[in-house]
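The structure file model-v9.cif is reproduced below (mmCIF, C-alpha atoms).
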```cif
data_data
loop_
_atom_site.group_PDB
_atom_site.id
_atom_site.type_symbol
_atom_site.label_atom_id
_atom_site.label_comp_id
_atom_site.auth_asym_id
_atom_site.auth_seq_id
_atom_site.Cartn_x
_atom_site.Cartn_y
_atom_site.Cartn_z
ATOM 1 C CA VAL A 1 110.799 116.306 125.468
ATOM 2 C CA THR A 2 109.881 117.937 128.748
ATOM 3 C CA SER A 3 106.890 117.969 131.091
ATOM 4 C CA ARG A 4 105.862 121.167 129.292
ATOM 5 C CA SER A 5 105.929 119.277 125.976
ATOM 6 C CA ILE A 6 103.633 116.619 127.401
ATOM 7 C CA ASP A 7 101.292 119.272 128.851
ATOM 8 C CA GLN A 8 101.013 120.926 125.439
ATOM 9 C CA ILE A 9 100.299 117.577 123.774
ATOM 10 C CA ASN A 10 97.599 116.754 126.283
ATOM 11 C CA LYS A 11 95.795 120.041 125.626
ATOM 12 C CA GLY A 12 95.023 118.851 122.100
ATOM 13 C CA ARG A 13 92.593 116.215 120.847
ATOM 14 C CA TYR A 14 95.388 114.023 119.479
ATOM 15 C CA VAL A 15 99.074 114.204 118.553
ATOM 16 C CA VAL A 16 100.736 113.227 115.266
ATOM 17 C CA LEU A 17 104.339 112.048 115.075
ATOM 18 C CA GLY A 18 105.785 112.195 111.583
ATOM 19 C CA GLY A 19 108.489 113.712 109.467
ATOM 20 C CA GLY A 20 110.576 111.064 107.761
ATOM 21 C CA GLY A 21 113.066 108.441 108.894
ATOM 22 C CA LEU A 22 112.868 109.077 112.611
ATOM 23 C CA LEU A 23 114.005 105.588 113.596
ATOM 24 C CA LEU A 24 117.746 106.141 113.448
ATOM 25 C CA PRO A 25 120.329 106.692 116.178
ATOM 26 C CA ASP A 26 122.451 109.664 115.109
ATOM 27 C CA SER A 27 120.237 112.570 114.004
ATOM 28 C CA ASN A 28 119.523 113.303 117.673
ATOM 29 C CA PRO A 29 121.891 111.099 119.716
ATOM 30 C CA ASN A 30 120.429 110.446 123.162
ATOM 31 C CA ASN A 31 120.279 107.938 126.010
ATOM 32 C CA VAL A 32 116.549 108.428 126.539
ATOM 33 C CA SER A 33 115.011 106.540 123.596
ATOM 34 C CA GLY A 34 117.938 105.747 121.307
ATOM 35 C CA TRP A 35 116.217 107.327 118.275
ATOM 36 C CA GLN A 36 115.277 110.775 117.018
ATOM 37 C CA TRP A 37 112.378 111.496 119.407
ATOM 38 C CA ALA A 38 114.072 111.540 122.815
ATOM 39 C CA ILE A 39 110.994 110.572 124.803
ATOM 40 C CA SER A 40 111.147 108.344 127.872
ATOM 41 C CA ASP A 41 108.771 105.502 128.680
ATOM 42 C CA GLU A 42 107.363 107.564 131.545
ATOM 43 C CA GLN A 43 106.686 110.515 129.248
ATOM 44 C CA LEU A 44 104.951 108.250 126.737
ATOM 45 C CA ASP A 45 102.780 106.941 129.551
ATOM 46 C CA SER A 46 101.884 110.543 130.422
ATOM 47 C CA ILE A 47 100.340 111.210 127.005
ATOM 48 C CA ASN A 48 96.586 110.873 127.426
ATOM 49 C CA VAL A 49 95.392 111.779 123.920
ATOM 50 C CA PRO A 50 95.543 109.465 120.875
ATOM 51 C CA LEU A 51 99.076 109.202 119.453
ATOM 52 C CA ILE A 52 99.181 108.832 115.652
ATOM 53 C CA VAL A 53 102.577 107.707 114.305
ATOM 54 C CA TYR A 54 102.395 108.557 110.621
ATOM 55 C CA ALA A 55 104.615 107.342 107.758
ATOM 56 C CA ILE A 56 107.962 107.326 109.556
ATOM 57 C CA GLY A 57 110.881 105.154 108.441
ATOM 58 C CA TYR A 58 113.512 102.782 109.784
ATOM 59 C CA ASN A 59 116.719 104.480 108.663
ATOM 60 C CA PHE A 60 119.649 102.634 110.223
ATOM 61 C CA PHE A 61 122.626 102.597 107.866
ATOM 62 C CA PRO A 62 124.885 99.608 107.234
ATOM 63 C CA GLY A 63 127.152 99.244 110.261
ATOM 64 C CA GLN A 64 124.728 100.919 112.678
ATOM 65 C CA VAL A 65 123.433 98.420 115.230
ATOM 66 C CA PRO A 66 120.165 98.938 117.169
ATOM 67 C CA THR A 67 120.639 99.000 120.939
ATOM 68 C CA GLU A 68 118.460 97.369 123.567
ATOM 69 C CA LEU A 69 117.364 100.878 124.570
ATOM 70 C CA PHE A 70 116.145 101.525 121.012
ATOM 71 C CA VAL A 71 114.292 98.219 120.741
ATOM 72 C CA ASN A 72 112.530 98.651 124.082
ATOM 73 C CA SER A 73 111.610 102.261 123.312
ATOM 74 C CA VAL A 74 110.074 101.324 119.963
ATOM 75 C CA LYS A 75 108.090 98.488 121.556
ATOM 76 C CA LYS A 76 106.706 101.024 124.014
ATOM 77 C CA LEU A 77 105.897 103.426 121.169
ATOM 78 C CA VAL A 78 104.018 100.789 119.159
ATOM 79 C CA ASP A 79 102.098 99.726 122.260
ATOM 80 C CA LYS A 80 101.205 103.327 123.068
ATOM 81 C CA ALA A 81 100.187 104.462 119.586
ATOM 82 C CA ALA A 82 96.536 104.441 118.624
ATOM 83 C CA PHE A 83 97.743 104.185 115.008
ATOM 84 C CA PHE A 84 101.325 103.252 114.088
ATOM 85 C CA SER A 85 102.521 103.342 110.487
ATOM 86 C CA LEU A 86 105.784 103.088 108.568
ATOM 87 C CA ARG A 87 106.444 104.534 105.127
ATOM 88 C CA ASN A 88 107.618 101.362 103.389
ATOM 89 C CA ARG A 89 107.149 97.639 103.830
ATOM 90 C CA GLY A 90 110.902 97.131 104.158
ATOM 91 C CA SER A 91 110.885 99.251 107.317
ATOM 92 C CA ILE A 92 108.010 97.158 108.634
ATOM 93 C CA GLU A 93 109.923 93.908 108.150
ATOM 94 C CA GLN A 94 113.086 95.330 109.714
ATOM 95 C CA LEU A 95 111.203 96.584 112.747
ATOM 96 C CA ILE A 96 109.314 93.329 113.244
ATOM 97 C CA SER A 97 112.612 91.430 113.098
ATOM 98 C CA LEU A 98 113.716 93.541 116.091
ATOM 99 C CA ILE A 99 110.571 93.798 118.214
ATOM 100 C CA GLY A 100 108.845 90.539 117.377
ATOM 101 C CA GLU A 101 106.185 89.027 115.149
ATOM 102 C CA SER A 102 103.508 89.669 117.761
ATOM 103 C CA TYR A 103 103.588 93.369 116.776
ATOM 104 C CA ARG A 104 102.793 92.812 113.079
ATOM 105 C CA ASP A 105 99.067 93.490 113.317
ATOM 106 C CA LYS A 106 99.715 96.825 115.050
ATOM 107 C CA ILE A 107 101.945 98.191 112.255
ATOM 108 C CA HIS A 108 100.388 99.704 109.116
ATOM 109 C CA PHE A 109 101.935 100.561 105.771
ATOM 110 C CA GLN A 110 101.454 104.287 105.097
ATOM 111 C CA PRO A 111 103.322 105.756 102.100
ATOM 112 C CA CYS A 112 105.129 109.047 102.597
ATOM 113 C CA PRO A 113 102.746 111.904 101.675
ATOM 114 C CA THR A 114 105.388 113.256 99.281
ATOM 115 C CA THR A 115 104.630 110.326 96.955
ATOM 116 C CA LEU A 116 101.080 111.683 96.598
ATOM 117 C CA ILE A 117 101.723 115.387 96.045
ATOM 118 C CA ARG A 118 99.532 115.512 92.936
ATOM 119 C CA GLN A 119 96.669 113.853 94.768
ATOM 120 C CA PHE A 120 96.236 116.699 97.259
ATOM 121 C CA SER A 121 98.030 119.739 95.785
ATOM 122 C CA ASP A 122 97.087 121.987 92.881
ATOM 123 C CA ILE A 123 100.231 121.488 90.797
ATOM 124 C CA PRO A 124 100.462 122.461 87.097
ATOM 125 C CA ALA A 125 100.668 119.654 84.553
ATOM 126 C CA LYS A 126 104.020 117.877 84.297
ATOM 127 C CA ASN A 127 106.405 119.779 82.061
ATOM 128 C CA LYS A 128 108.163 117.822 79.311
ATOM 129 C CA SER A 129 111.789 118.879 79.162
ATOM 130 C CA LYS A 130 115.368 117.800 78.681
ATOM 131 C CA ASN A 131 116.194 118.677 82.287
ATOM 132 C CA ILE A 132 117.901 116.056 84.446
ATOM 133 C CA ALA A 133 118.414 116.406 88.208
ATOM 134 C CA VAL A 134 120.883 114.531 90.358
ATOM 135 C CA ASN A 135 121.135 114.457 94.146
ATOM 136 C CA ILE A 136 124.106 112.923 95.929
ATOM 137 C CA ALA A 137 123.710 112.916 99.705
ATOM 138 C CA PHE A 138 126.808 113.966 101.645
ATOM 139 C CA ASP A 139 125.689 113.687 105.235
ATOM 140 C CA ARG A 140 127.048 110.397 106.670
ATOM 141 C CA TYR A 141 128.974 109.935 103.418
ATOM 142 C CA GLN A 142 131.298 107.383 105.016
ATOM 143 C CA LEU A 143 128.302 105.157 105.791
ATOM 144 C CA ARG A 144 126.694 105.779 102.399
ATOM 145 C CA PHE A 145 129.633 105.192 100.079
ATOM 146 C CA GLY A 146 132.294 103.360 102.087
ATOM 147 C CA GLU A 147 135.915 103.134 101.076
ATOM 148 C CA ASN A 148 135.142 103.239 97.333
ATOM 149 C CA ILE A 149 133.586 106.705 97.480
ATOM 150 C CA TYR A 150 135.899 108.279 94.906
ATOM 151 C CA THR A 151 135.348 105.592 92.291
ATOM 152 C CA ILE A 152 131.595 105.578 92.896
ATOM 153 C CA LEU A 153 131.246 109.344 92.479
ATOM 154 C CA ASP A 154 133.508 109.338 89.407
ATOM 155 C CA GLU A 155 131.251 106.744 87.784
ATOM 156 C CA VAL A 156 128.105 108.761 88.520
ATOM 157 C CA ALA A 157 129.694 111.918 87.072
ATOM 158 C CA LYS A 158 130.788 110.052 83.931
ATOM 159 C CA ALA A 159 127.227 108.844 83.414
ATOM 160 C CA LEU A 160 125.987 112.436 83.686
ATOM 161 C CA LYS A 161 128.607 113.609 81.194
ATOM 162 C CA ASN A 162 127.374 110.966 78.771
ATOM 163 C CA ILE A 163 123.762 112.057 79.283
ATOM 164 C CA GLU A 164 124.761 115.701 78.789
ATOM 165 C CA SER A 165 126.261 114.811 75.420
ATOM 166 C CA TYR A 166 122.755 113.918 74.197
ATOM 167 C CA GLY A 167 121.573 117.478 74.770
ATOM 168 C CA TYR A 168 120.251 117.195 78.332
ATOM 169 C CA SER A 169 120.719 119.911 80.966
ATOM 170 C CA ILE A 170 122.110 118.692 84.291
ATOM 171 C CA HIS A 171 120.958 120.171 87.626
ATOM 172 C CA ASN A 172 122.710 119.322 90.886
ATOM 173 C CA ALA A 173 119.884 119.321 93.435
ATOM 174 C CA CYS A 174 121.213 119.884 96.954
ATOM 175 C CA HIS A 175 118.679 118.920 99.621
ATOM 176 C CA LEU A 176 121.324 120.012 102.094
ATOM 177 C CA THR A 177 123.918 122.635 101.239
ATOM 178 C CA ASN A 178 126.527 119.997 102.068
ATOM 179 C CA ASP A 179 125.437 118.060 98.957
ATOM 180 C CA LYS A 180 127.266 120.695 96.878
ATOM 181 C CA LYS A 181 130.445 118.701 97.509
ATOM 182 C CA PHE A 182 129.485 116.511 94.570
ATOM 183 C CA GLU A 183 130.168 119.499 92.358
ATOM 184 C CA LEU A 184 133.902 118.934 92.864
ATOM 185 C CA VAL A 185 133.445 115.649 91.009
ATOM 186 C CA LEU A 186 131.228 117.192 88.333
ATOM 187 C CA ASP A 187 133.896 119.837 87.743
ATOM 188 C CA LYS A 188 136.586 117.166 87.556
ATOM 189 C CA HIS A 189 134.721 115.450 84.708
ATOM 190 C CA LYS A 190 133.814 118.757 83.016
ATOM 191 C CA VAL A 191 130.083 118.257 83.401
ATOM 192 C CA ASN A 192 128.094 121.424 82.698
ATOM 193 C CA TYR A 193 125.466 121.829 85.409
ATOM 194 C CA THR A 194 123.259 124.244 87.302
ATOM 195 C CA SER A 195 123.641 124.192 91.085
ATOM 196 C CA VAL A 196 120.296 124.252 92.922
ATOM 197 C CA ASP A 197 120.188 124.628 96.718
ATOM 198 C CA LEU A 198 116.859 123.319 98.026
ATOM 199 C CA GLN A 199 117.684 123.337 101.735
ATOM 200 C CA TYR A 200 115.687 126.467 102.539
ATOM 201 C CA THR A 201 113.173 126.538 99.684
ATOM 202 C CA THR A 202 109.445 126.400 100.349
ATOM 203 C CA PRO A 203 107.492 123.247 99.426
ATOM 204 C CA ILE A 204 105.964 125.031 96.431
ATOM 205 C CA GLU A 205 109.389 126.115 95.164
ATOM 206 C CA THR A 206 110.630 122.542 95.519
ATOM 207 C CA TYR A 207 107.579 121.242 93.642
ATOM 208 C CA GLN A 208 108.177 123.745 90.852
ATOM 209 C CA PHE A 209 111.785 122.656 90.495
ATOM 210 C CA TYR A 210 111.070 118.929 90.324
ATOM 211 C CA ASN A 211 108.028 119.468 88.096
ATOM 212 C CA ASN A 212 110.465 120.786 85.465
ATOM 213 C CA MET A 213 112.729 117.720 85.657
ATOM 214 C CA GLU A 214 112.270 114.853 83.201
ATOM 215 C CA VAL A 215 114.395 112.378 85.162
ATOM 216 C CA VAL A 216 115.700 112.655 88.723
ATOM 217 C CA MET A 217 118.605 110.541 89.971
ATOM 218 C CA GLY A 218 118.801 110.530 93.736
ATOM 219 C CA SER A 219 120.559 108.902 96.650
ATOM 220 C CA ARG A 220 118.195 110.468 99.213
ATOM 221 C CA GLY A 221 114.775 108.986 99.835
ATOM 222 C CA HIS A 222 113.042 112.314 99.271
ATOM 223 C CA ALA A 223 115.085 112.956 96.128
ATOM 224 C CA GLN A 224 113.033 110.046 94.774
ATOM 225 C CA MET A 225 109.692 110.275 96.565
ATOM 226 C CA ILE A 226 109.084 113.984 95.851
ATOM 227 C CA PRO A 227 109.830 113.691 92.092
ATOM 228 C CA PHE A 228 107.735 110.504 91.925
ATOM 229 C CA GLY A 229 104.860 112.385 93.567
ATOM 230 C CA LEU A 230 105.153 114.993 90.784
ATOM 231 C CA ASN A 231 105.277 112.391 87.951
ATOM 232 C CA SER A 232 108.995 112.798 87.243
ATOM 233 C CA LYS A 233 110.817 109.626 86.268
ATOM 234 C CA ILE A 234 113.321 108.444 88.858
ATOM 235 C CA ILE A 235 116.584 106.514 89.023
ATOM 236 C CA SER A 236 117.420 105.425 92.563
ATOM 237 C CA LEU A 237 121.156 105.572 93.289
ATOM 238 C CA GLY A 238 121.179 103.045 96.080
ATOM 239 C CA THR A 239 123.437 103.383 99.105
ATOM 240 C CA HIS A 240 120.666 102.743 101.645
ATOM 241 C CA ASN A 241 117.976 100.079 101.876
ATOM 242 C CA LYS A 242 115.160 102.631 102.016
ATOM 243 C CA LEU A 243 115.537 103.517 98.324
ATOM 244 C CA LYS A 244 115.179 99.873 97.326
ATOM 245 C CA TRP A 245 112.281 99.450 99.762
ATOM 246 C CA PHE A 246 110.395 102.322 98.107
ATOM 247 C CA LEU A 247 110.901 100.783 94.666
ATOM 248 C CA ASP A 248 109.756 97.410 96.032
ATOM 249 C CA ASP A 249 106.504 99.047 97.161
ATOM 250 C CA ILE A 250 105.816 100.516 93.719
ATOM 251 C CA ASP A 251 107.075 97.462 91.757
ATOM 252 C CA CYS A 252 109.783 99.493 90.014
ATOM 253 C CA THR A 253 113.029 97.846 91.099
ATOM 254 C CA ASP A 254 114.270 98.075 87.497
ATOM 255 C CA TRP A 255 114.857 101.777 88.269
ATOM 256 C CA PHE A 256 117.424 100.873 90.955
ATOM 257 C CA VAL A 257 121.201 101.246 90.529
ATOM 258 C CA ASN A 258 123.171 99.835 93.461
ATOM 259 C CA LEU A 259 126.210 102.058 94.070
ATOM 260 C CA ARG A 260 127.792 99.636 96.540
ATOM 261 C CA GLU A 261 128.148 96.686 94.139
ATOM 262 C CA ASP A 262 129.926 96.253 90.763
ATOM 263 C CA ILE A 263 131.184 99.796 91.069
ATOM 264 C CA MET A 264 133.099 99.767 87.784
ATOM 265 C CA THR A 265 129.806 99.284 85.913
ATOM 266 C CA ILE A 266 127.909 102.139 87.579
ATOM 267 C CA GLU A 267 128.215 104.465 84.570
ATOM 268 C CA ASP A 268 126.822 101.856 82.171
ATOM 269 C CA ARG A 269 124.037 100.808 84.545
ATOM 270 C CA ILE A 270 122.885 104.395 85.131
ATOM 271 C CA PHE A 271 122.848 105.107 81.408
ATOM 272 C CA GLY A 272 120.977 101.865 80.739
ATOM 273 C CA VAL A 273 118.153 102.816 83.104
ATOM 274 C CA PHE A 274 118.175 106.351 81.722
ATOM 275 C CA GLU A 275 117.684 105.052 78.169
ATOM 276 C CA GLN A 276 114.831 102.862 79.409
ATOM 277 C CA LEU A 277 113.040 105.809 81.033
ATOM 278 C CA VAL A 278 113.508 108.755 78.685
ATOM 279 C CA GLY A 279 110.541 109.210 76.408
ATOM 280 C CA SER A 280 108.899 106.105 77.827
ATOM 281 C CA LYS A 281 105.102 106.298 77.967
ATOM 282 C CA GLU A 282 105.101 102.973 79.823
ATOM 283 C CA SER A 283 107.100 104.433 82.724
ATOM 284 C CA GLU A 284 104.749 107.435 82.903
ATOM 285 C CA ASP A 285 101.757 105.107 83.080
ATOM 286 C CA ARG A 286 103.427 103.055 85.820
ATOM 287 C CA ILE A 287 103.988 106.154 87.946
ATOM 288 C CA ILE A 288 100.357 107.241 87.678
ATOM 289 C CA ALA A 289 99.005 103.739 88.378
ATOM 290 C CA LYS A 290 101.203 103.305 91.456
ATOM 291 C CA GLN A 291 100.254 106.750 92.771
ATOM 292 C CA GLU A 292 96.625 105.676 92.596
ATOM 293 C CA GLU A 293 97.429 102.516 94.582
ATOM 294 C CA LEU A 294 99.267 104.507 97.256
ATOM 295 C CA HIS A 295 96.397 106.988 97.394
ATOM 296 C CA LYS A 296 93.907 104.169 98.030
ATOM 297 C CA ILE A 297 96.069 102.876 100.917
ATOM 298 C CA THR A 298 96.282 106.400 102.343
ATOM 299 C CA THR A 299 92.542 106.968 102.085
ATOM 300 C CA ASP A 300 91.855 103.680 103.885
ATOM 301 C CA ASN A 301 94.301 104.626 106.646
ATOM 302 C CA LEU A 302 92.745 108.064 107.054
ATOM 303 C CA GLY A 303 89.431 106.347 107.578
ATOM 304 C CA LYS A 304 90.946 104.325 110.426
ATOM 305 C CA ILE A 305 92.555 107.438 111.937
ATOM 306 C CA ASN A 306 89.315 109.422 111.708
ATOM 307 C CA SER A 307 87.514 106.686 113.652
ATOM 308 C CA ILE A 308 90.164 107.062 116.373
ATOM 309 C CA ILE A 309 90.159 110.850 116.688
ATOM 310 C CA ASN A 310 86.406 111.251 116.047
ATOM 311 C CA PRO A 311 84.895 108.279 117.914
#
```
Before anything else, please render the file you have as structure tokens.
Amino acid sequence: VTSRSIDQINKGRYVVLGGGGLLLPDSNPNNVSGWQWAISDEQLDSINVPLIVYAIGYNFFPGQVPTELFVNSVKKLVDKAAFFSLRNRGSIEQLISLIGESYRDKIHFQPCPTTLIRQFSDIPAKNKSKNIAVNIAFDRYQLRFGENIYTILDEVAKALKNIESYGYSIHNACHLTNDKKFELVLDKHKVNYTSVDLQYTTPIETYQFYNNMEVVMGSRGHAQMIPFGLNSKIISLGTHNKLKWFLDDIDCTDWFVNLREDIMTIEDRIFGVFEQLVGSKESEDRIIAKQEELHKITTDNLGKINSIINP
């Protein structure tokens, strides 16, 4: 962020800050704010148009400790914002535990727009198929999987091999090209799969891919929220709180498989949730009902934002 950045912002009617789990320390390491947007207190003060913070997330991993710089910067951000929202209630509680209960009324719950793709995009009807997608995130893999990484990934691959034996086609969905590393484990367990690199696909291409998947297993937040927004069934492979927090918000924690606990039962637990979901009309109805709830929250929030930017 430079003085030129601030000048450009101030030429507009308002500015929107969004784009995922910005509240984390290592995607853009800096000594200015301590999180992804390296903006100083003075630069925040220099913004003279309404600042809308929209559906971001608290993404610290286990073992990462917020600094005083981070806490103070976020307090300043919440104070400055005309509208401040986080994408799950778990992020809200974590942030309030850091910055104080007095900030609660200033923080809104705003679901990630990817959970509502069908509400605002012209997407073809959901395709019924025997296609299964899996995404295993490999950035920060030490923080995600810990010292039991090999056992954890073996168990996931064995579950996929079992699912394949029932006539399902496996697709390894790489949100980053680095996620292809999981294919070493799939090869080890002789899983037949199609490798799909989504890193540089357009949104529409990504929608088309997930629209053809019956069930998506993911360890990334957006490997769950995007499929959910397209009415695909999801199994959250939990290595980070944000996946559980999303399921908490949609009352679907029975779709959660914790990869950091009881690791020798991962294969059985994944297959158990898979059996619950496949062919389940009840799970399809739950997805649609929860999308409608999230859409109502979003519509209410847009009303508040419109009153700010169009006084």
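Restricting the calculation to only C-alpha atoms, the smallest distance between Trp245 (chain A) and any of A:Arg87, A:His171, A:Lys106, A:Arg118 is found for A:Arg87.
Between CA of Tyr193 (chain A) and CA of Thr177 (chain A) lies a distance of 15.9 Å.
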Checklist entry - Taking all atoms listed in the file into account, which of A:Gln64, A:Thr115, A:Asn211, A:Asn162 comes nearest Gly34 (chain A)? => result A:Gln64
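Checking A:Leu22, A:Ala289, A:Val74, A:Val215 one by one against Asp251 (chain A), counting all atoms listed in the file, you find the shortest gap at A:Ala289.
The nearest approach to Asp300 (chain A) among the residues A:Ala173, A:Lys80, A:His108, A:Asn258, with all atoms listed in the file taken into account, belongs to A:His108.
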Give, as lines of an AutoDock Vina configuration file, the centre coordinates and the x, y and z edge lengths in Å to one decimal for an axis-aligned box around all listed atoms of region 108-124 of chain A, padded by 4 Å on each side.
```
center_x = 100.8
center_y = 111.1
center_z = 98.1
size_x = 17.2
size_y = 30.8
size_z = 30.0
```
